[in-house]
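As structure tokens, the structure follows; a few thoughts come after it.
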Amino acid sequence: MTGTKSGSAVSTHSATAARPTKLRASGINKTFSRDGVVTPVLENVNLEVGEGEFLCLLGPSGCGKSTLLNIMAGFLDPTAGTVTVDGKPVEGPDPRRIFVFQERGVFPWLTVEGNIGFGLFRLPKAERERRIAHYVQMVGLQGFEKAYPQELSGGMKQRVEVARALAVDPDMLFLDEPFGALDSITRLIMRRELLRIWQAERKTIIFVTHDIEEAVQLSDRVVVMSTRPATIQTIVEIDIPHPRDLSSARYLELRDGIFDQIGLAHKI
């Protein structure tokens with residue numbers, strides 16, 4: 001596990017200590033080559049993620065967060081290093097590990113229930129219908145089952161995508177800035193909804209963001225990444241129970257500590 005730097009807002013206690021390790025990334029390096037030019041993106045990234053943990057990868061735009069997420073999910077091969085899930089090497093995408101992309105990925109030709117049930121075609125009809133109804137209710141889309149995406153707001157489409165991901169009962173969810181395109185009010189609502197679902201389902205979630213407030217509001221731990229070639233700069237344990245008081249002294253201490261870690265004073 002990558003160590004943390006000293007500082008009042010940074011805990012040296014690992015939030016994964018009481019959990020079995022779900023995912024381990026060891027010595028991850030990644031370079032891209034184009035027209036003979038080699039660009040290093042990730043450098044010696046080491047990370048453990050606990051079973052049922054909500055972990056945020058935080059860093060500046062373009063630093064390599066999404067590249068690391070894609071490697072952990074099996075969509076990209078590292079140049080060096082290994083990723084294991086439940087002790088087994090990740091050698092490609094797996095239906096037990098679902099990726100929710102930054103751009104909304106709902107299918108415009110399917111209704112809400114059609115989208116949510118997209119990955120359930122192997123189930124008996126009654127079980128498929130039961131599971132669709134369960135996740136429609138979980139994401140608060142009752143009454144919109146027959147609606148098409150063009151009839152939904154941006155936040156509702158994002159709920160559909162989260163519900164579709166959960167409906168296949170994955171072990172892990174990888175989310176790449178899923179709320180980045182939403183307005184600020186809808187983002188707050190979606191953060192609350194995702195937390196509610198996570199608390200009910202307890203899936204392991206790895207969530208990419210460049211928004212410090214979002215990271216501190218959501219996660220058990222925040223992994224702060226440097227600029228390219230990205231390394232893990234520090235790991236911050238968010239030791240505040242949910243629901244979190246965003247005006248509490250501890251919340252502000254943790255948030256401002258991360259601003260300090262990346263060299264920004266949190267001032268208006």
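How things are named: the first chain in the structure tokens is A, the next is B, and so on; residues count from 1 in each chain; ligands count from 1 in the order shown.
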
- Could you give me, as a PyMOL selection string, the residues within 8 Å of Arg191 in chain A, counting only C-alpha atoms and dropping anything in the same chain fewer than 4 positions from it? chain A and resi 187+195+214+218

- Message: I need the strand (DSSP E or B) residues of range 3-208 of chain A per DSSP on the backbone, written as a ChimeraX atom specification.
- Response: /A:21-34,37-50,54-58,80-85,88-89,97-100,172-176,204-208

- Separation of CA of Thr186 in chain A from CA of Gly155 in chain A, in Å and rounded to one decimal: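 If I compute the distance from CA of Thr186 in chain A to CA of Gly155 in chain A, I get 6.0 Å.
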
Would you mind listing, for every residue of range 146-242 of chain A within 10 Å of range 51-54 of chain A, the two atoms forming the shortest contact and the distance between them in Å to one decimal, using only C-alpha atoms, sorted by chain and ascending residue number, as CSV?
residue,atom,partner,partner_atom,distance
A:Asp171,CA,A:Gly52,CA,8.9
A:Met172,CA,A:Gly52,CA,8.4
A:Leu173,CA,A:Phe54,CA,9.6
A:Leu195,CA,A:Phe54,CA,9.1
A:Trp198,CA,A:Phe54,CA,8.1
A:Gln199,CA,A:Gly52,CA,9.4
A:Glu201,CA,A:Gly52,CA,8.9
A:Arg202,CA,A:Gly52,CA,5.2
A:Lys203,CA,A:Gly52,CA,5.0
A:Thr204,CA,A:Gly52,CA,4.1
A:Ile205,CA,A:Phe54,CA,4.8
A:Ile206,CA,A:Phe54,CA,6.2
A:Phe207,CA,A:Phe54,CA,7.5
A:Ala215,CA,A:Phe54,CA,9.9
A:Leu218,CA,A:Phe54,CA,7.4
A:Ser219,CA,A:Phe54,CA,5.0
A:Asp220,CA,A:Phe54,CA,5.4
A:Arg221,CA,A:Phe54,CA,7.1
A:Val222,CA,A:Phe54,CA,9.1

Which range 183-250 of chain A residues have any atom within 7 Å of an atom of range 33-49 of chain A, and for each, what is the nearest pair of atoms with distance in Å to one decimal, counting only C-alpha atoms, rows sorted by chain and number, as a tab-separated table?
residue	atom	partner	partner_atom	distance
A:Arg228	CA	A:Val41	CA	5.5
A:Pro229	CA	A:Val41	CA	4.4
A:Ala230	CA	A:Leu42	CA	4.7
A:Thr231	CA	A:Glu43	CA	5.5
A:Ile232	CA	A:Val45	CA	6.3

Could you save those same residues with N, CA, C and O atoms as a tab-separated table (two decimals), in the first residue's frame?
chain	number	residue	atom	x	y	z
A	228	ARG	N	1.21	14.13	-14.63
A	228	ARG	CA	1.91	13.10	-15.40
A	228	ARG	C	3.43	13.24	-15.30
A	228	ARG	O	3.93	14.36	-15.30
A	229	PRO	N	4.11	12.08	-15.31
A	229	PRO	CA	3.58	10.73	-15.18
A	229	PRO	C	3.06	10.51	-13.77
A	229	PRO	O	3.76	10.75	-12.79
A	230	ALA	N	1.81	10.08	-13.66
A	230	ALA	CA	1.10	10.10	-12.39
A	230	ALA	C	1.60	9.02	-11.44
A	230	ALA	O	1.79	7.86	-11.82
A	231	THR	N	1.80	9.43	-10.22
A	231	THR	CA	2.04	8.53	-9.11
A	231	THR	C	0.97	8.82	-8.06
A	231	THR	O	0.22	9.80	-8.18
A	232	ILE	N	0.90	7.98	-7.03
A	232	ILE	CA	0.00	8.28	-5.92
A	232	ILE	C	0.73	9.23	-4.98
A	232	ILE	O	1.73	8.88	-4.37

- Go through A:Leu69, A:Ala165, A:Thr234, A:Val100 one by one, measure the shortest atom-to-atom distance of each to Phe179 in chain A using only C-alpha atoms, and give the residue with the smallest value. A:Val100

- Atomic separation - CA of Leu57 in chain A relative to CA of Arg164 in chain A, Å: 22.8 Å

- Counting only C-alpha atoms, which of A:Asp176, A:Gly105, A:Ile212, A:Ala163 gets nearest to Leu194 in chain A?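 Distance minimum relative to Leu194 in chain A lands on A:Ala163.
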
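With only C-alpha atoms as the atoms that count, the residue of A:Thr209, A:Thr21, A:Thr84, A:Thr111 with the shortest distance to Gly62 in chain A is A:Thr209.
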
- Note on the structure: Nearest to Pro78 in chain A, restricted to only C-alpha atoms and choosing among A:Ile197, A:Leu58, A:Ile28, A:Cys63, comes out as A:Ile28

- Message: Please report the interatomic distance between CA of Asp256 in chain A and CA of Ser61 in chain A in Å with one decimal.
- Response: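 Pair CA of Asp256 in chain A / CA of Ser61 in chain A returns 19.2 Å.
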
- Message: When you look at Arg159 in chain A with a cut-off of 9 Å (counting only C-alpha atoms), what residues show up, excluding the ones that are within fewer than 2 positions of it in the same chain? I need them as a ChimeraX atom specification.
- Response: /A:136,139-141,154-157,161-164,190,193-194

- Query: Which residue, A:Gly117, A:Gly27, A:Gly180, A:Gly64, has the smallest gap to Val160 in chain A when you use only C-alpha atoms?
  - Reply: A:Gly117

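Closest to Asp169 in chain A among A:Pro95, A:Pro243, A:Pro149, A:Pro108 is A:Pro95, based on only C-alpha atoms.
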
- Message: To test your reading of the structure, identify every residue in range 54-204 of chain A that backbone DSSP assigns to helix (DSSP H, G or I), and report it as a ChimeraX atom specification.
- Response: /A:65-73,112-116,118-120,125-138,149-151,154-167,184-201

- Would you list the contacts of Asp77 in chain A as a VMD selection string, taking every protein, DNA or RNA residue within 9 Å and counting only C-alpha atoms, but skipping same-chain residues closer than 5 positions in sequence? chain A and resid 30 70 to 72 82 91 to 92
